[in-house]
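J.: Handing over target.txt, compact mmCIF, C-alpha atoms.
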```txt
# COMPACT_ATOMS: atom_id res chain seq x y z
CA MET U 1 -184.29 153.92 -135.31
CA ASP U 2 -184.01 152.12 -138.64
CA ALA U 3 -180.61 150.60 -137.79
CA GLU U 4 -181.91 148.97 -134.61
CA HIS U 5 -185.05 147.63 -136.28
CA ALA U 6 -183.02 146.23 -139.19
CA THR U 7 -180.72 144.38 -136.80
CA LEU U 8 -183.64 142.73 -135.00
CA ALA U 9 -185.31 141.89 -138.31
CA THR U 10 -182.11 140.23 -139.53
CA LEU U 11 -182.02 138.21 -136.30
CA ARG U 12 -185.72 137.41 -136.86
CA GLY U 13 -186.29 138.77 -133.39
CA GLY U 14 -188.69 141.03 -131.61
CA CYS U 15 -189.42 142.43 -128.19
CA LEU U 16 -188.95 139.06 -126.47
CA THR U 17 -185.64 138.21 -128.17
CA ALA U 18 -182.65 137.97 -125.83
CA ALA U 19 -180.88 140.75 -127.70
CA SER U 20 -180.02 144.38 -127.23
CA VAL U 21 -179.32 146.92 -129.96
CA HIS U 22 -178.37 150.55 -129.49
CA ALA U 23 -177.51 152.98 -132.28
CA THR U 24 -175.92 156.40 -131.93
CA PHE U 25 -175.54 159.12 -134.52
CA ASP U 26 -172.45 161.29 -134.90
CA GLU U 27 -173.65 164.44 -136.66
CA GLU U 28 -170.17 165.73 -137.39
CA ALA U 29 -168.98 162.50 -139.01
CA GLU U 30 -172.45 161.67 -140.42
CA CYS U 31 -171.96 158.16 -139.09
CA VAL U 32 -174.13 155.62 -137.29
CA THR U 33 -172.49 153.38 -134.68
CA LEU U 34 -174.48 150.35 -133.63
CA HIS U 35 -173.73 148.23 -130.54
CA ALA U 36 -175.54 144.90 -130.47
CA VAL U 37 -175.49 141.81 -128.28
CA VAL U 38 -177.33 138.49 -128.23
CA LEU U 39 -177.47 136.75 -124.86
CA ASP U 40 -177.13 133.02 -124.27
CA PRO U 41 -180.30 131.78 -122.55
CA ASP U 42 -178.16 129.17 -120.75
CA GLY U 43 -175.90 131.84 -119.25
CA GLY U 44 -172.94 131.31 -121.58
CA ALA U 45 -170.92 133.98 -123.31
CA PRO U 46 -172.93 136.57 -125.25
CA VAL U 47 -172.25 137.38 -128.90
CA ARG U 48 -171.43 141.06 -129.50
CA THR U 49 -170.68 143.37 -132.38
CA VAL U 50 -170.01 147.04 -133.00
CA THR U 51 -170.75 148.24 -136.51
CA ASN U 52 -170.29 151.65 -138.14
CA GLY U 53 -171.62 153.07 -141.35
CA PRO U 54 -173.01 156.10 -143.12
CA ALA U 55 -175.93 157.85 -141.49
CA ALA U 56 -177.61 157.94 -144.89
CA ALA U 57 -177.97 154.12 -144.81
CA PRO U 58 -178.92 153.11 -141.25
CA ALA U 59 -180.87 150.01 -142.30
CA THR U 60 -177.82 148.71 -144.16
CA VAL U 61 -175.70 149.21 -141.04
CA GLY U 62 -178.32 147.35 -139.01
CA ARG U 63 -178.53 144.42 -141.42
CA ARG U 64 -174.74 144.15 -141.44
CA ALA U 65 -174.70 144.05 -137.63
CA GLY U 66 -177.35 141.34 -137.60
CA GLU U 67 -175.41 139.27 -140.13
CA GLN U 68 -172.22 139.66 -138.08
CA LEU U 69 -174.04 138.44 -134.97
CA LEU U 70 -175.51 135.45 -136.80
CA ASP U 71 -172.12 134.55 -138.28
CA ALA U 72 -170.51 134.80 -134.83
CA GLY U 73 -172.89 132.29 -133.23
CA ALA U 74 -176.12 134.16 -132.49
CA ALA U 75 -178.04 131.87 -134.87
CA ARG U 76 -177.39 128.96 -132.53
CA LEU U 77 -178.35 130.97 -129.45
CA LEU U 78 -181.59 132.17 -131.02
CA GLY U 79 -182.47 128.94 -132.81
CA VAL U 80 -182.47 130.75 -136.16
CA ARG U 81 -181.88 128.68 -139.28
CA PRO U 82 -179.60 130.29 -141.86
```
Before we go any further, please render this structure as structure tokens.
T.:
Amino acid sequence: MDAEHATLATLRGGCLTAASVHATFDEEAECVTLHAVVLDPDGGAPVRTVTNGPAAAPATVGRRAGEQLLDAGAARLLGVRP
């Protein structure tokens, strides 16, 4: 799904990144809900976010989720430079 791929791209991650992203689509509300988490490789607290947005713009929802994770501390966990 575009939302999930956009989140991982924003995190500069891939298949081996300690992150999980799951998007669901609500047909009736025409809304995408994205649940994302980045794990601490040292076993500390994970960084999580839940982001909603229009189904017509899933990549935008995914980028926003990735930015929220980075702002909340995922950049440090992943070694990503802003």
J.: Taking only C-alpha atoms into account, which of U:Gly53, U:Gly44, U:Val80, U:Gly14 comes nearest Ala65 of chain U?
T.: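 The closest residue to Ala65 of chain U is U:Gly53.
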J.: Applying 7 Å and all atoms listed in the file, which residues near Cys31 of chain U remain after dropping the ones on its own chain fewer than 3 positions away? List them as number ranges by chain.
T.: U: 25-27, 52-55
J.: Within 12 Å of Ala23 of chain U, counting only C-alpha atoms, which residues show up once you throw out same-chain ones fewer than 2 positions away? Write them as a PyMOL selection string, please.
T.: chain U and resi 1-7+20-21+25-26+31-36+49-53+55+58-59+61-62+65
J.: I need the residues from that last selection saved to file as a PDB file, in the frame of the given file (with C-alpha atoms), if you can.
T.:
```
ATOM      1  CA  MET U   1    -184.290 153.920-135.310  1.00  0.00           C
ATOM      2  CA  ASP U   2    -184.010 152.120-138.640  1.00  0.00           C
ATOM      3  CA  ALA U   3    -180.610 150.600-137.790  1.00  0.00           C
ATOM      4  CA  GLU U   4    -181.910 148.970-134.610  1.00  0.00           C
ATOM      5  CA  HIS U   5    -185.050 147.630-136.280  1.00  0.00           C
ATOM      6  CA  ALA U   6    -183.020 146.230-139.190  1.00  0.00           C
ATOM      7  CA  THR U   7    -180.720 144.380-136.800  1.00  0.00           C
ATOM      8  CA  SER U  20    -180.020 144.380-127.230  1.00  0.00           C
ATOM      9  CA  VAL U  21    -179.320 146.920-129.960  1.00  0.00           C
ATOM     10  CA  PHE U  25    -175.540 159.120-134.520  1.00  0.00           C
ATOM     11  CA  ASP U  26    -172.450 161.290-134.900  1.00  0.00           C
ATOM     12  CA  CYS U  31    -171.960 158.160-139.090  1.00  0.00           C
ATOM     13  CA  VAL U  32    -174.130 155.620-137.290  1.00  0.00           C
ATOM     14  CA  THR U  33    -172.490 153.380-134.680  1.00  0.00           C
ATOM     15  CA  LEU U  34    -174.480 150.350-133.630  1.00  0.00           C
ATOM     16  CA  HIS U  35    -173.730 148.230-130.540  1.00  0.00           C
ATOM     17  CA  ALA U  36    -175.540 144.900-130.470  1.00  0.00           C
ATOM     18  CA  THR U  49    -170.680 143.370-132.380  1.00  0.00           C
ATOM     19  CA  VAL U  50    -170.010 147.040-133.000  1.00  0.00           C
ATOM     20  CA  THR U  51    -170.750 148.240-136.510  1.00  0.00           C
ATOM     21  CA  ASN U  52    -170.290 151.650-138.140  1.00  0.00           C
ATOM     22  CA  GLY U  53    -171.620 153.070-141.350  1.00  0.00           C
ATOM     23  CA  ALA U  55    -175.930 157.850-141.490  1.00  0.00           C
ATOM     24  CA  PRO U  58    -178.920 153.110-141.250  1.00  0.00           C
ATOM     25  CA  ALA U  59    -180.870 150.010-142.300  1.00  0.00           C
ATOM     26  CA  VAL U  61    -175.700 149.210-141.040  1.00  0.00           C
ATOM     27  CA  GLY U  62    -178.320 147.350-139.010  1.00  0.00           C
ATOM     28  CA  ALA U  65    -174.700 144.050-137.630  1.00  0.00           C
TER      29      ALA U  65
END
```
J.: Work out how far atom CA of Val47 of chain U is from atom CA of Thr24 of chain U, in Å to one decimal.
T.: 19.6 Å
J.: Find the distance between atom CA of Leu39 of chain U and atom CA of Thr60 of chain U and write it in Å to one decimal.
T.: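 Going from atom CA of Leu39 of chain U over to atom CA of Thr60 of chain U covers 22.7 Å.
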J.: For segment 66-77 of chain U, where the input has fewer atoms than it should, I would like all heavy atoms rebuilt and written as a compact mmCIF listing (two decimals), in the frame of the given file.
T.:
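Ended up saving to result.txt:
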```txt
# COMPACT_ATOMS: atom_id res chain seq x y z
N GLY U 66 -176.62 142.59 -137.81
CA GLY U 66 -177.35 141.34 -137.60
C GLY U 66 -176.65 140.15 -138.24
O GLY U 66 -176.54 139.08 -137.64
N GLU U 67 -176.15 140.34 -139.44
CA GLU U 67 -175.41 139.27 -140.13
C GLU U 67 -174.13 138.91 -139.37
O GLU U 67 -173.77 137.74 -139.27
CB GLU U 67 -175.11 139.68 -141.56
CG GLU U 67 -176.36 139.75 -142.43
CD GLU U 67 -176.16 140.48 -143.74
OE1 GLU U 67 -175.03 140.96 -144.02
OE2 GLU U 67 -177.14 140.58 -144.49
N GLN U 68 -173.44 139.92 -138.86
CA GLN U 68 -172.22 139.66 -138.08
C GLN U 68 -172.54 138.84 -136.84
O GLN U 68 -171.81 137.91 -136.49
CB GLN U 68 -171.54 140.98 -137.69
CG GLN U 68 -170.90 141.70 -138.85
CD GLN U 68 -170.43 143.10 -138.48
OE1 GLN U 68 -170.73 143.62 -137.41
NE2 GLN U 68 -169.72 143.74 -139.40
N LEU U 69 -173.63 139.19 -136.16
CA LEU U 69 -174.04 138.44 -134.97
C LEU U 69 -174.38 136.99 -135.33
O LEU U 69 -173.93 136.06 -134.64
CB LEU U 69 -175.24 139.11 -134.30
CG LEU U 69 -174.96 140.42 -133.59
CD1 LEU U 69 -176.27 141.13 -133.27
CD2 LEU U 69 -174.15 140.19 -132.32
N LEU U 70 -175.15 136.80 -136.39
CA LEU U 70 -175.51 135.45 -136.80
C LEU U 70 -174.28 134.64 -137.15
O LEU U 70 -174.15 133.48 -136.73
CB LEU U 70 -176.49 135.49 -137.98
CG LEU U 70 -177.88 136.04 -137.66
CD1 LEU U 70 -178.67 136.23 -138.95
CD2 LEU U 70 -178.62 135.16 -136.68
N ASP U 71 -173.36 135.23 -137.89
CA ASP U 71 -172.12 134.55 -138.28
C ASP U 71 -171.25 134.20 -137.08
O ASP U 71 -170.51 133.21 -137.10
CB ASP U 71 -171.31 135.40 -139.26
CG ASP U 71 -171.96 135.53 -140.63
OD1 ASP U 71 -172.89 134.74 -140.93
OD2 ASP U 71 -171.55 136.43 -141.39
N ALA U 72 -171.35 135.01 -136.02
CA ALA U 72 -170.51 134.80 -134.83
C ALA U 72 -171.14 133.84 -133.81
O ALA U 72 -170.57 133.62 -132.75
CB ALA U 72 -170.23 136.14 -134.17
N GLY U 73 -172.30 133.28 -134.12
CA GLY U 73 -172.89 132.29 -133.23
C GLY U 73 -174.27 132.62 -132.69
O GLY U 73 -174.87 131.82 -131.99
N ALA U 74 -174.80 133.79 -132.99
CA ALA U 74 -176.12 134.16 -132.49
C ALA U 74 -177.22 133.28 -133.07
O ALA U 74 -178.23 133.06 -132.41
CB ALA U 74 -176.41 135.63 -132.79
N ALA U 75 -177.02 132.74 -134.26
CA ALA U 75 -178.04 131.87 -134.87
C ALA U 75 -178.30 130.68 -133.97
O ALA U 75 -179.45 130.30 -133.73
CB ALA U 75 -177.60 131.43 -136.27
N ARG U 76 -177.25 130.11 -133.44
CA ARG U 76 -177.39 128.96 -132.53
C ARG U 76 -178.11 129.37 -131.25
O ARG U 76 -179.01 128.66 -130.77
CB ARG U 76 -176.01 128.38 -132.20
CG ARG U 76 -176.06 127.20 -131.24
CD ARG U 76 -174.67 126.75 -130.82
NE ARG U 76 -173.89 127.81 -130.17
CZ ARG U 76 -174.04 128.20 -128.90
NH1 ARG U 76 -174.95 127.65 -128.14
NH2 ARG U 76 -173.28 129.15 -128.40
N LEU U 77 -177.74 130.52 -130.69
CA LEU U 77 -178.35 130.97 -129.45
C LEU U 77 -179.84 131.27 -129.62
O LEU U 77 -180.63 131.05 -128.70
CB LEU U 77 -177.65 132.24 -128.94
CG LEU U 77 -176.18 132.08 -128.56
CD1 LEU U 77 -175.61 133.42 -128.10
CD2 LEU U 77 -175.99 131.02 -127.50
```
